[in-house]
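Trainee: Just one file: my_file33.txt, with compact mmCIF, C-alpha atoms and all ligand atoms.
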```txt
# COMPACT_ATOMS: atom_id res chain seq x y z
CA MET A 1 -41.79 17.61 14.86
CA SER A 2 -40.47 14.01 14.80
CA ALA A 3 -38.69 12.31 17.70
CA GLN A 4 -35.49 12.51 15.60
CA ASP A 5 -35.74 16.33 15.56
CA ASP A 6 -35.71 16.34 19.38
CA ILE A 7 -32.25 14.77 19.58
CA LYS A 8 -29.83 17.27 21.07
CA ARG A 9 -26.35 17.30 19.64
CA LEU A 10 -23.50 17.01 22.14
CA THR A 11 -21.37 20.12 22.52
CA ALA A 12 -17.72 20.78 23.31
CA PRO A 13 -18.64 21.72 26.94
CA ASP A 14 -20.51 18.36 27.24
CA ILE A 15 -17.31 16.54 26.23
CA ARG A 16 -15.21 18.76 28.52
CA ALA A 17 -17.48 17.80 31.43
CA ARG A 18 -16.69 14.11 30.91
CA LYS A 19 -13.19 14.42 32.47
CA GLY A 20 -12.68 11.42 34.73
CA GLY A 21 -16.21 10.18 33.99
CA GLN A 22 -17.74 7.74 31.55
CA PRO A 23 -15.22 7.06 28.74
CA ILE A 24 -15.77 9.16 25.60
CA VAL A 25 -16.38 7.09 22.45
CA CYS A 26 -14.88 8.69 19.34
CA LEU A 27 -14.37 7.54 15.74
CA THR A 28 -13.49 9.19 12.46
CA SER A 29 -15.93 9.47 9.59
CA TYR A 30 -15.73 11.26 6.27
CA HIS A 31 -19.13 10.40 4.76
CA ALA A 32 -22.80 10.99 5.49
CA HIS A 33 -23.70 7.30 5.52
CA THR A 34 -20.93 6.09 7.83
CA ALA A 35 -21.68 9.08 10.08
CA ARG A 36 -25.29 7.89 10.29
CA LEU A 37 -24.10 4.42 11.38
CA LEU A 38 -21.73 5.83 14.00
CA ASP A 39 -23.98 8.51 15.41
CA ARG A 40 -25.93 6.36 17.86
CA HIS A 41 -22.77 4.87 19.36
CA CYS A 42 -20.28 7.74 19.38
CA ASP A 43 -20.04 10.87 21.49
CA LEU A 44 -17.66 12.55 19.07
CA ILE A 45 -17.13 12.06 15.34
CA LEU A 46 -13.87 13.42 13.96
CA VAL A 47 -13.61 14.41 10.32
CA GLY A 48 -9.88 13.77 10.42
CA ASP A 49 -7.36 14.87 7.84
CA SER A 50 -6.46 11.16 7.72
CA LEU A 51 -9.05 11.28 4.92
CA GLY A 52 -6.13 12.25 2.68
CA MET A 53 -4.58 8.81 3.17
CA VAL A 54 -7.76 6.78 3.68
CA MET A 55 -9.96 8.26 0.92
CA HIS A 56 -7.47 9.72 -1.50
CA GLY A 57 -4.52 7.32 -1.25
CA LEU A 58 -2.07 10.08 -0.28
CA GLU A 59 1.17 9.14 1.52
CA THR A 60 0.72 11.76 4.26
CA THR A 61 -1.85 14.30 5.46
CA VAL A 62 0.30 17.23 4.28
CA PRO A 63 -1.45 17.80 0.89
CA VAL A 64 -4.96 17.87 2.42
CA THR A 65 -6.76 21.19 1.84
CA LEU A 66 -9.37 23.19 3.74
CA ASP A 67 -11.84 22.64 0.88
CA MET A 68 -11.45 18.84 1.22
CA MET A 69 -12.15 19.08 4.96
CA ILE A 70 -15.19 21.31 4.44
CA LEU A 71 -16.74 19.02 1.82
CA GLN A 72 -16.45 15.92 4.01
CA GLY A 73 -17.35 17.85 7.18
CA LEU A 74 -20.60 18.90 5.55
CA ALA A 75 -21.36 15.29 4.61
CA VAL A 76 -20.76 14.11 8.18
CA MET A 77 -22.97 16.85 9.59
CA ARG A 78 -25.75 15.78 7.19
CA GLY A 79 -25.45 12.17 8.32
CA SER A 80 -25.32 12.74 12.08
CA LYS A 81 -27.65 14.27 14.65
CA ARG A 82 -26.30 13.47 18.10
CA ALA A 83 -22.50 13.28 18.18
CA LEU A 84 -20.28 16.33 18.44
CA VAL A 85 -18.64 16.69 15.01
CA VAL A 86 -15.05 17.96 15.09
CA VAL A 87 -13.27 18.90 11.85
CA ASP A 88 -9.47 18.90 11.53
CA LEU A 89 -7.73 22.04 10.34
CA PRO A 90 -5.31 20.74 7.69
CA PHE A 91 -1.60 21.51 7.39
CA GLY A 92 -0.96 25.07 6.20
CA SER A 93 -4.36 26.44 7.20
CA TYR A 94 -3.52 27.64 10.73
CA GLU A 95 0.19 27.67 11.62
CA ALA A 96 1.18 31.03 10.07
CA SER A 97 -0.68 33.21 12.57
CA LYS A 98 -3.55 33.30 15.06
CA GLU A 99 -5.52 35.32 12.53
CA GLN A 100 -5.00 32.72 9.80
CA ALA A 101 -6.17 30.04 12.24
CA PHE A 102 -9.28 32.03 13.10
CA MET A 103 -10.19 32.62 9.44
CA SER A 104 -9.80 28.90 8.66
CA ALA A 105 -11.71 27.78 11.74
CA ALA A 106 -14.52 30.28 11.09
CA ARG A 107 -14.84 29.06 7.49
CA VAL A 108 -15.02 25.44 8.63
CA MET A 109 -17.63 26.21 11.28
CA LYS A 110 -19.78 28.45 9.05
CA GLU A 111 -19.68 26.18 6.00
CA THR A 112 -20.13 22.81 7.75
CA GLY A 113 -22.04 23.68 10.92
CA CYS A 114 -19.63 21.50 12.95
CA GLY A 115 -19.26 22.05 16.69
CA ALA A 116 -15.47 22.30 17.02
CA ILE A 117 -12.16 22.12 15.19
CA LYS A 118 -8.99 20.15 15.96
CA LEU A 119 -5.43 21.28 15.37
CA GLU A 120 -2.03 19.71 15.97
CA GLY A 121 0.69 21.01 18.28
CA GLY A 122 1.29 21.71 21.97
CA ARG A 123 3.21 24.69 23.35
CA ARG A 124 3.76 26.17 19.89
CA MET A 125 -0.03 26.36 19.33
CA ALA A 126 -1.06 27.48 22.83
CA ASP A 127 -1.48 31.19 21.96
CA THR A 128 -3.48 30.26 18.88
CA ILE A 129 -5.75 27.94 20.88
CA ALA A 130 -6.41 30.69 23.44
CA PHE A 131 -7.09 33.21 20.63
CA LEU A 132 -9.62 30.87 18.97
CA VAL A 133 -11.38 29.90 22.19
CA GLU A 134 -11.74 33.57 23.23
CA ARG A 135 -13.43 34.20 19.86
CA GLY A 136 -15.96 31.38 20.05
CA VAL A 137 -14.13 28.47 18.43
CA PRO A 138 -14.05 25.27 20.52
CA VAL A 139 -10.67 23.63 20.00
CA MET A 140 -9.55 20.04 20.42
CA GLY A 141 -5.77 19.74 20.78
CA HIS A 142 -3.59 16.97 19.34
CA ILE A 143 -0.24 16.10 20.90
CA GLY A 144 2.27 13.25 20.92
CA LEU A 145 2.66 12.02 17.35
CA THR A 146 1.49 14.87 15.12
CA PRO A 147 1.31 13.46 11.58
CA GLN A 148 1.23 16.87 9.86
CA SER A 149 4.84 17.32 11.04
CA ILE A 150 6.01 14.13 9.32
CA ASN A 151 8.56 16.05 7.24
CA THR A 152 10.32 17.37 10.35
CA ILE A 153 9.89 14.35 12.64
CA GLY A 154 10.84 11.87 9.91
CA SER A 155 8.62 8.89 10.80
CA PHE A 156 5.31 7.87 12.35
CA ARG A 157 7.14 6.29 15.35
CA ALA A 158 5.61 6.33 18.84
CA GLN A 159 6.70 9.22 21.07
CA GLY A 160 8.04 9.21 24.64
CA ARG A 161 9.38 5.67 24.74
CA GLU A 162 12.25 6.86 26.91
CA GLU A 163 11.36 8.56 30.17
CA ALA A 164 13.98 11.21 29.42
CA HIS A 165 11.76 12.42 26.52
CA TRP A 166 8.56 12.78 28.55
CA GLY A 167 9.06 16.37 29.71
CA PRO A 168 8.30 18.21 26.43
CA ILE A 169 5.25 16.04 25.73
CA GLU A 170 3.89 16.69 29.23
CA ASP A 171 4.54 20.41 28.72
CA ASP A 172 2.60 20.26 25.44
CA ALA A 173 -0.36 18.59 27.16
CA ARG A 174 -0.40 21.16 29.95
CA ALA A 175 -0.11 24.07 27.48
CA VAL A 176 -3.05 22.86 25.40
CA SER A 177 -5.18 22.37 28.51
CA GLU A 178 -4.28 25.75 30.02
CA ALA A 179 -4.92 27.50 26.68
CA GLY A 180 -8.57 26.46 26.88
CA ALA A 181 -8.90 23.41 24.60
CA PHE A 182 -11.94 21.33 25.58
CA SER A 183 -10.10 18.03 25.03
CA ALA A 184 -6.85 16.70 23.57
CA VAL A 185 -6.01 13.75 21.36
CA ILE A 186 -2.87 11.94 22.54
CA GLU A 187 -1.50 9.95 19.62
CA ALA A 188 1.05 7.13 19.79
CA VAL A 189 2.73 7.85 23.09
CA ALA A 190 4.12 5.34 25.59
CA GLU A 191 1.35 3.98 27.82
CA PRO A 192 2.66 5.23 31.19
CA LEU A 193 3.13 8.72 29.77
CA ALA A 194 -0.44 8.87 28.36
CA ARG A 195 -1.70 7.63 31.74
CA ARG A 196 0.31 10.27 33.60
CA ILE A 197 -0.81 13.11 31.32
CA THR A 198 -4.44 12.03 31.76
CA ALA A 199 -4.04 12.15 35.53
CA ASN A 200 -2.35 15.55 35.45
CA ILE A 201 -4.32 17.73 33.05
CA ALA A 202 -7.76 19.23 33.59
CA ILE A 203 -9.30 18.34 30.21
CA PRO A 204 -10.32 14.93 28.86
CA THR A 205 -7.65 13.07 26.91
CA VAL A 206 -8.64 10.97 23.92
CA GLY A 207 -6.13 8.25 23.20
CA ILE A 208 -5.13 6.69 19.88
CA GLY A 209 -2.34 4.31 20.66
CA GLY A 210 -2.13 5.88 24.12
CA SER A 211 -3.52 4.25 27.24
CA VAL A 212 -6.71 2.61 28.41
CA ALA A 213 -6.56 5.19 31.21
CA CYS A 214 -7.30 8.03 28.75
CA ASP A 215 -10.71 9.69 29.20
CA GLY A 216 -11.78 8.46 25.76
CA GLN A 217 -10.52 6.56 22.74
CA ILE A 218 -10.50 7.24 19.01
CA LEU A 219 -9.75 5.08 15.99
CA VAL A 220 -9.87 5.67 12.26
CA LEU A 221 -13.02 3.82 11.15
CA GLU A 222 -11.38 2.25 8.10
CA ASP A 223 -8.40 1.05 10.21
CA MET A 224 -10.62 -0.88 12.62
CA HIS A 225 -12.41 -2.49 9.66
CA GLY A 226 -9.30 -3.57 7.78
CA LEU A 227 -9.97 -1.13 4.94
CA SER A 228 -6.82 0.98 5.16
CA PRO A 229 -3.69 -0.01 3.27
CA ARG A 230 -1.40 0.68 6.27
CA VAL A 231 -2.76 0.18 9.76
CA PRO A 232 -0.81 1.22 12.89
CA LYS A 233 0.26 -1.70 15.12
CA PHE A 234 -1.87 -0.60 18.06
CA VAL A 235 -5.19 -0.80 16.17
CA ARG A 236 -7.54 -3.58 17.22
CA ARG A 237 -9.51 -4.96 14.26
CA TYR A 238 -13.26 -5.05 14.88
CA GLY A 239 -14.15 -6.17 11.36
CA ASP A 240 -12.57 -7.35 8.14
CA LEU A 241 -14.42 -5.51 5.41
CA GLY A 242 -11.51 -5.56 2.92
CA PRO A 243 -11.77 -9.30 2.12
CA ALA A 244 -15.60 -9.16 2.38
CA ILE A 245 -15.76 -6.39 -0.26
CA GLU A 246 -13.25 -8.19 -2.47
CA SER A 247 -15.15 -11.48 -2.41
CA ALA A 248 -18.46 -9.70 -3.14
CA VAL A 249 -16.79 -7.93 -6.09
CA ALA A 250 -15.32 -11.23 -7.33
CA ALA A 251 -18.79 -12.88 -7.16
CA TYR A 252 -20.31 -9.92 -9.05
CA ALA A 253 -17.58 -10.05 -11.72
CA ALA A 254 -18.16 -13.80 -12.18
CA ASP A 255 -21.95 -13.23 -12.53
CA VAL A 256 -21.40 -10.52 -15.14
CA ARG A 257 -18.92 -12.60 -17.13
CA SER A 258 -21.11 -15.72 -17.12
CA ARG A 259 -24.27 -13.71 -17.86
CA ALA A 260 -25.72 -14.87 -14.54
CA PHE A 261 -26.21 -11.25 -13.52
CA PRO A 262 -29.98 -10.89 -13.12
CA SER A 263 -31.81 -8.93 -15.83
CA PRO A 264 -34.09 -6.27 -14.42
CA GLU A 265 -37.27 -7.57 -16.12
CA HIS A 266 -38.59 -9.00 -12.85
CA VAL A 267 -37.98 -5.65 -11.15
CA TYR A 268 -39.60 -3.55 -13.87
CA PRO A 269 -42.13 -5.98 -15.46
CA MET A 270 -43.45 -4.89 -18.87
CA ARG A 271 -46.90 -3.35 -18.62
CA THR A 272 -49.47 -4.72 -21.01
CA LYS A 273 -51.71 -2.00 -22.44
CA GLY A 274 -55.27 -1.97 -21.08
CA LYS A 275 -54.49 -4.08 -18.00
O1 LIG B 301 -6.88 12.66 11.19
C1 LIG B 301 -7.22 11.81 12.02
O2 LIG B 301 -7.91 10.83 11.72
C2 LIG B 301 -6.79 12.02 13.40
C3 LIG B 301 -6.95 10.88 14.34
C4 LIG B 301 -5.86 9.91 14.08
C5 LIG B 301 -6.99 11.31 15.75
O3 LIG B 301 -6.30 13.05 13.73
```
Mind turning the file's structure into structure tokens?
Mentor:
Amino acid sequence: MSAQDDIKRLTAPDIRARKGGQPIVCLTSYHAHTARLLDRHCDLILVGDSLGMVMHGLETTVPVTLDMMILQGLAVMRGSKRALVVVDLPFGSYEASKEQAFMSAARVMKETGCGAIKLEGGRRMADTIAFLVERGVPVMGHIGLTPQSINTIGSFRAQGREEAHWGPIEDDARAVSEAGAFSAVIEAVAEPLARRITANIAIPTVGIGGSVACDGQILVLEDMHGLSPRVPKFVRRYGDLGPAIESAVAAYAADVRSRAFPSPEHVYPMRTKGK
């Protein structure tokens, strides 16, 4: 057995136990090779339904299917060994009933081997979260801005910018926590509200455009590398791969056009018979 085989993958209870402790490092990944790069540095890798926009050029996450999530979830599981891998349930795969949610979550867990699923919604999903957790499905909640509801909320604007609107978002956070989720993403909510929710609920919060006070942070990998066409204002850029890829492609195109592209003869030298 190699040292690599000894690495123990983090579990949902491990993440749950990090409430108020060392900040939880989370990123999205949709591929085996990026998952391999992230694995040493991240506690949690999310196979987010943002893959619809980032990988497929969709306008929203609404058209993403369970099959798309399973395919990429499998790739991320192949590429990682240590991080907890969480796979998003996409729009339409869990909202109709608790039973529908269980069937979708069970398929994702059986077919990918991931350690947990994530779903969007607060109070309205609390019964479903409790139903899943009681049946062996670790659930990560997602409150604040819930992009799968774009057609009812109308825009990707930050939530809770007026104190008068905080109540329902706090209720959502409490409902998700009390229903048994092991953690909750808080997306695009006013900083003092994210801070207050973090102080008041029992499970770790993972902020994306929330507050530095959250128990962990998550970003979409391509957003932090300048590879997404539309990047939310709150994202800090840690790299600029877009221009780097474009200039490498331009150099390659120039080599091909000017016949400066190296021929492979030095890589596969001709063999002379008898030598
Ligand atoms: O789909 C996704 O990438 C997400 C993150 C934004 C948290 O849900």
Trainee: Tell me which protein, DNA and RNA residues are within 8 Å of range 128-133 of chain A, counting all atoms listed in the file, leaving out same-chain ones fewer than 4 positions away, and put them as a list of chain:residue names.
Mentor: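 Close residues of range 128-133 of chain A: A:Ser97, A:Lys98, A:Ala101, A:Phe102, A:Val137, A:Pro138, A:Val139, A:Val176, A:Ala179, A:Gly180, A:Ala181.
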Trainee: What is the distance between CA of Leu27 in chain A and CA of Pro192 in chain A, in Å to one decimal?
Mentor: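 Separating CA of Leu27 in chain A from CA of Pro192 in chain A is a distance of 23.1 Å.
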Trainee: Between A:Ile218, A:Glu246, A:Gly20, A:Pro229, single out the one closest to Ile201 in chain A, counting all atoms listed in the file.
Mentor: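 Under the stated criterion, the closest residue is A:Gly20.
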Trainee: Quick one: everything within 12 Å of Val185 in chain A, counting all atoms listed in the file, minus sequence neighbours fewer than 3 positions away in the same chain. Send it as a tab-separated table (two decimals) with C-alpha atoms, keeping the file's coordinate frame.
Mentor:
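As written to disk, around14.tsv reads:
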```tsv
chain	number	residue	atom	x	y	z
A	24	ILE	CA	-15.77	9.16	25.60
A	26	CYS	CA	-14.88	8.69	19.34
A	27	LEU	CA	-14.37	7.54	15.74
A	44	LEU	CA	-17.66	12.55	19.07
A	46	LEU	CA	-13.87	13.42	13.96
A	48	GLY	CA	-9.88	13.77	10.42
A	86	VAL	CA	-15.05	17.96	15.09
A	88	ASP	CA	-9.47	18.90	11.53
A	118	LYS	CA	-8.99	20.15	15.96
A	119	LEU	CA	-5.43	21.28	15.37
A	120	GLU	CA	-2.03	19.71	15.97
A	121	GLY	CA	0.69	21.01	18.28
A	122	GLY	CA	1.29	21.71	21.97
A	139	VAL	CA	-10.67	23.63	20.00
A	140	MET	CA	-9.55	20.04	20.42
A	141	GLY	CA	-5.77	19.74	20.78
A	142	HIS	CA	-3.59	16.97	19.34
A	143	ILE	CA	-0.24	16.10	20.90
A	144	GLY	CA	2.27	13.25	20.92
A	145	LEU	CA	2.66	12.02	17.35
A	146	THR	CA	1.49	14.87	15.12
A	172	ASP	CA	2.60	20.26	25.44
A	173	ALA	CA	-0.36	18.59	27.16
A	176	VAL	CA	-3.05	22.86	25.40
A	177	SER	CA	-5.18	22.37	28.51
A	181	ALA	CA	-8.90	23.41	24.60
A	182	PHE	CA	-11.94	21.33	25.58
A	188	ALA	CA	1.05	7.13	19.79
A	189	VAL	CA	2.73	7.85	23.09
A	194	ALA	CA	-0.44	8.87	28.36
A	197	ILE	CA	-0.81	13.11	31.32
A	198	THR	CA	-4.44	12.03	31.76
A	203	ILE	CA	-9.30	18.34	30.21
A	204	PRO	CA	-10.32	14.93	28.86
A	205	THR	CA	-7.65	13.07	26.91
A	206	VAL	CA	-8.64	10.97	23.92
A	207	GLY	CA	-6.13	8.25	23.20
A	208	ILE	CA	-5.13	6.69	19.88
A	209	GLY	CA	-2.34	4.31	20.66
A	210	GLY	CA	-2.13	5.88	24.12
A	211	SER	CA	-3.52	4.25	27.24
A	214	CYS	CA	-7.30	8.03	28.75
A	215	ASP	CA	-10.71	9.69	29.20
A	216	GLY	CA	-11.78	8.46	25.76
A	217	GLN	CA	-10.52	6.56	22.74
A	218	ILE	CA	-10.50	7.24	19.01
A	219	LEU	CA	-9.75	5.08	15.99
```
Trainee: Give one line per residue of chain A that approaches ligand LIG 301 (chain B) to at most 6 Å, naming the two atoms of the closest pair and their distance in Å to one decimal, counting all atoms listed in the file; sort by chain then ascending residue number and deliver it as JSON lines.
Mentor:
```
{"residue": "A:Thr28", "atom": "CA", "partner": "B:LIG301", "partner_atom": "O2", "distance": 5.9}
{"residue": "A:Gly48", "atom": "CA", "partner": "B:LIG301", "partner_atom": "O1", "distance": 3.3}
{"residue": "A:Asp49", "atom": "CA", "partner": "B:LIG301", "partner_atom": "O1", "distance": 4.0}
{"residue": "A:Ser50", "atom": "CA", "partner": "B:LIG301", "partner_atom": "O1", "distance": 3.8}
{"residue": "A:Val220", "atom": "CA", "partner": "B:LIG301", "partner_atom": "O2", "distance": 5.5}
```
Trainee: With C-alpha atoms kept, could you save the residues just selected as a compact mmCIF listing (two decimals), keeping the file's coordinate frame?
Mentor:
```txt
# COMPACT_ATOMS: atom_id res chain seq x y z
CA THR A 28 -13.49 9.19 12.46
CA GLY A 48 -9.88 13.77 10.42
CA ASP A 49 -7.36 14.87 7.84
CA SER A 50 -6.46 11.16 7.72
CA VAL A 220 -9.87 5.67 12.26
```
Trainee: Would you please work out which residue, of A:His31, A:Asp43, A:Ala106, A:His225, is nearest to Ile15 in chain A when using only C-alpha atoms?
Mentor: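 Closest residue, counting only C-alpha atoms: A:Asp43.
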Trainee: Could you please determine the separation between CA of Glu178 in chain A and CA of Asp127 in chain A in Å, to one decimal place?
Mentor: 10.1 Å
Trainee: Kindly provide, as a PyMOL selection string, the polymer residues lying within 10 Å of (-18.3, 2.2, 6.4), counting all atoms listed in the file and using the coordinates exactly as they appear in the file.
Mentor: chain A and resi 29-38+221-222+225+227+241
Trainee: Hey, can you check how far CA of Ile117 in chain A sits from CA of Gly226 in chain A?
Mentor: 26.9 Å
Trainee: I'd like to know which of A:Gly57, A:Ala164, A:Val47, A:Asp171 is closest to Val76 in chain A, using all atoms listed in the file.
Mentor: A:Val47
Trainee: Specify the axis-aligned box that encloses all atoms of range 19-24 of chain A listed in the file after padding of 8 Å on each side, stating its centre and edge lengths in Å to one decimal as JSON.
Mentor:
```
{"center_x": -15.2, "center_y": 10.7, "center_z": 30.2, "size_x": 21.1, "size_y": 23.4, "size_z": 25.1}
```
Trainee: Pick out the closest residue to Gly115 in chain A from this set: A:Asp255, A:Asp14, A:Glu162, A:Asp223. Count all atoms listed in the file.
Mentor: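 Selected residue with least distance to Gly115 in chain A: A:Asp14.
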